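For reference, the structure discussed in these notes is given below.
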Amino acid sequence: MTEIWPGAAGAVPLGAEPQQGGTRFAVVSEVATQVTLCLFADDGTETQLPLPARDSGIWHGFVPGVGPGQRYGYRVAGPYDPANGHRCNPAKLLLDPYARATDGAVTWNASLLGGNDQDSAAATLRSVVVDTAFDWGDDQPLHLPYADSVIYEVHVKGLTATHPDVPAELRGTYAGLAHPATLRHLTGLGVTAVELLPVHQSLTSGTLAGKGLENYWGYDTLGYFAPHAAYSASVRAGHVGGQLAEFQTMVKALHAAGIEVILDVVFNHTVEGNDAGPTLCLRGLDNAAYYRLVPGDLAHYFDTTGTGNSLDTGQPDCLRLILDSLRYWVTECHVDGFRFDLAATLARQDGSFSLLSAFLDVVHQDPTLCQTKLIAEPWDVGQIDSYDVGRFPPGWSEWNGKFRDTVRDFWRSTDGLLADFATRVAGSADLYGMSRRRPTASVNLITTHDGFTLRDLVSYADKHNLANGENNNDGTDTNLSWNCGAEGPTADPAITVLRQRQSRALLTTLLTSRGVPMLQGGDELGRTQQGNNNAYCQDNEISWYDWANVDADLLAFTTRLIALRKQHAALRRSVFADAMALQWFTPAGTAMTDADWAEPYAKTVLALIEGQTGVELDPQGQPKLDDDLLLAFNSWWEPVDVTITAPGSWRIEVDSYDPSRTGPVGTTVTLQPRSVVLLAAPG
């Protein structure tokens, strides 16, 4: 007969912790009248053990003889009173929110709904006891400076799902990402960090599953400590709980290659959805302690995410869950930072975005987290203060949506954008300078997983999302894209060449602008999603990298741009330039005036970056000197001759219109239509 002992009194680490002779289990619920630990044998037999000890809402116990690989869950007895925010139901098997691994799958049926007495055990996931110990050797988070970073946003599965040089059994997994063939691509490209789309355990909702689709992106999270099991070659091979060690091995391999690991984390909502959604974890443990409820209507959720619910970071247990998870991924998995999905929701205090929110406050004070990269998606949905670009505190960087929108529009030759475009290229001082933040607070981006790929941005005027099963009603209609004269694939060579030039102009702008560039993975290869700008449910060739049809020229050009950025310290300055270090000129070579900036039809401008003015020091205390650089932008559809009045022997480093064009020039340079030219001269 299986025994359970009370264990030590007082504060207990949450989760399942293997110890000598057994495992300690602990879970928190302030409203429960009893929490029962449920252990599952290989044949599915369930053994129920009421947790014998309770300390300040933490229920815990020690089970002798239980170790790694043990599957388990919880049942919680307590009030089922939705009108007062409570949804306990002991018929529902609950995932441990601190589980380090999961096993099994969800079968969407009525047993998962909290308002009935049907047992859900056969339809839901199991938590798994895991030993988190790992031989890290001398590995540590890399702490690469923001200014020297080039971030690569990538999906673990999509990157290698069809990679011919990755063994079939490793494709689409953590081990596949760590494979030498994958690392060769990343290091050859020159990126310094991978930003992984969500790797926390996630689910496909019943609605999507009913359509035969999957939640490919992984933004319906359920387990904030568990690596997603479907990305594990070890789990595929039958090793229950093997995803954690495989993830740790991947991080170690990436670090050895000089590449940081940033996790895209979804702490704003969970897959449990609205009041009609399933009871899988937090809802059944202590609903009001984790979710933001509508004041005066506690049966419903205050939703700022568009998913049916929002986590309430003003509640101590919810805030502890998030902070414990973040620290776990840093200390036990050695990740280097986080990108927070819909981060504005996390910073809501009493419903409104606030720099004084509990979440921002505790992260700022945490000695572990404040040393990591913290990147906000600075918006959420449905509120008057949902767009919060530029409002996050010191220590945070942000996805700069204004950079994305302005740069896209500029290269569509939209009128009246010259001043705004220059502001974005120079680091967005209007957003970050007033609060004394650095240009590195701006994560500059052109495309991300959410929207068109770069190839599609220059190939489609409209979204083509019919494959998603929503009659093309999902996804944004504001793409700021241009198809260059034909919708989608074309055999017209002139349109094909124009699209190539537009792609190079966009990439050159991204990788020569002040701030932190982020490249959507696959853009360097010419990846297309066939015009789908919301491929969240396309776990297939629409989303996966097409390694059989790589645009080798675009890959070579992107690699060259990243190398130039690394070569020129002046492109990586982490301070806003003063008037001497960054000067703007008209095509005639005269200094830009207010009237020049205000001219609505102006689409050509030159930026002089002095390589030996406003110089910063490297980590060894040496000045980071550079050549003088001249960036020349022309979004006009005809050639423009520009005059260089700055002294020096200038040479073309790169021309987005004609990548083969390099070498010395005189005082007059022709900018071809819709092109960027980077020139350099010894300072």
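Here, A, B, ... name the chains of the structure tokens in the order displayed, residue numbers run from 1 inside each chain, and ligands are numbered from 1 in the same displayed order.
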Surrounding residues of A:Cys484 excluding itself and chain neighbours under 3 positions, 8 Å, only C-alpha atoms, as an mmCIF file with N, CA and C atoms, in the first residue's frame:
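What ended up in out_39.cif:
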```cif
data_model
loop_
_atom_site.group_PDB
_atom_site.id
_atom_site.type_symbol
_atom_site.label_atom_id
_atom_site.label_comp_id
_atom_site.auth_asym_id
_atom_site.auth_seq_id
_atom_site.Cartn_x
_atom_site.Cartn_y
_atom_site.Cartn_z
ATOM 1 N N VAL A 458 6.340 41.402 -49.773
ATOM 2 C CA VAL A 458 6.569 42.037 -51.074
ATOM 3 C C VAL A 458 5.860 41.287 -52.203
ATOM 4 N N SER A 459 5.007 40.310 -51.833
ATOM 5 C CA SER A 459 4.350 39.483 -52.853
ATOM 6 C C SER A 459 2.831 39.492 -52.761
ATOM 7 N N ILE A 495 8.755 41.769 -62.108
ATOM 8 C CA ILE A 495 8.166 41.780 -60.769
ATOM 9 C C ILE A 495 9.033 40.979 -59.804
ATOM 10 N N LEU A 498 11.961 43.111 -58.844
ATOM 11 C CA LEU A 498 11.536 44.192 -57.955
ATOM 12 C C LEU A 498 11.318 43.666 -56.543
ATOM 13 N N ARG A 499 10.707 42.516 -56.427
ATOM 14 C CA ARG A 499 10.496 41.935 -55.094
ATOM 15 C C ARG A 499 11.822 41.635 -54.402
#
```
### Message
Report as a PyMOL selection string all protein, DNA and RNA residues lying within 12 Å of A:Leu417, evaluated on only C-alpha atoms, omitting residues in the same chain fewer than 2 positions from it.
### Response
chain A and resi 402-403+405-415+419-424+596-605+635
At most 12 Å is the cut-off: for each residue in stretch 476-561 of chain A with any atom that close to an atom of stretch 168-185 of chain A, write down the nearest atom pair and the distance in Å rounded to one decimal, counting only C-alpha atoms, chain first then increasing number, as a tab-separated table.
```
residue	atom	partner	partner_atom	distance
A:Gly521	CA	A:His185	CA	11.1
A:Gly522	CA	A:His185	CA	11.0
A:Glu524	CA	A:His185	CA	10.8
A:Leu525	CA	A:His185	CA	10.8
A:Asp539	CA	A:Gly172	CA	10.7
A:Asn540	CA	A:Gly172	CA	11.3
A:Trp544	CA	A:Gly172	CA	9.3
A:Tyr545	CA	A:Gly172	CA	10.5
A:Trp547	CA	A:His185	CA	11.3
A:Leu555	CA	A:His185	CA	10.1
A:Ala556	CA	A:His185	CA	11.5
A:Thr559	CA	A:His185	CA	10.2
```
### Task
Please measure the separation of atom CA of A:Leu14 and atom CA of A:Tyr98, giving the value in Å to one decimal.
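The value is 6.5 Å.
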### Query
Between A:Thr662, A:Ser442, A:Asn215, A:Thr509, which is the closest to A:Asn468 once you count only C-alpha atoms?
A:Asn215
### Message
Set the distance at 8 Å and use only C-alpha atoms: which residues neighbour A:Glu616 once local chain neighbours fewer than 6 positions away are removed? I'd like the list as a ChimeraX atom specification.
### Response
/A:573,623-624
### Task
Find the residues near A:Gly666: any atom within 10 Å, counting only C-alpha atoms, skip ones fewer than 3 places away on the same chain, and give them as an MDAnalysis selection string.
chainID A and resid 643:644 648:651 669
### Within 12 Å of A:Gly241 using only C-alpha atoms, minus same-chain residues under 3 positions, as a VMD selection string
chain A and resid 67 to 71 99 to 104 126 to 132 226 to 230 232 to 238 244 to 247
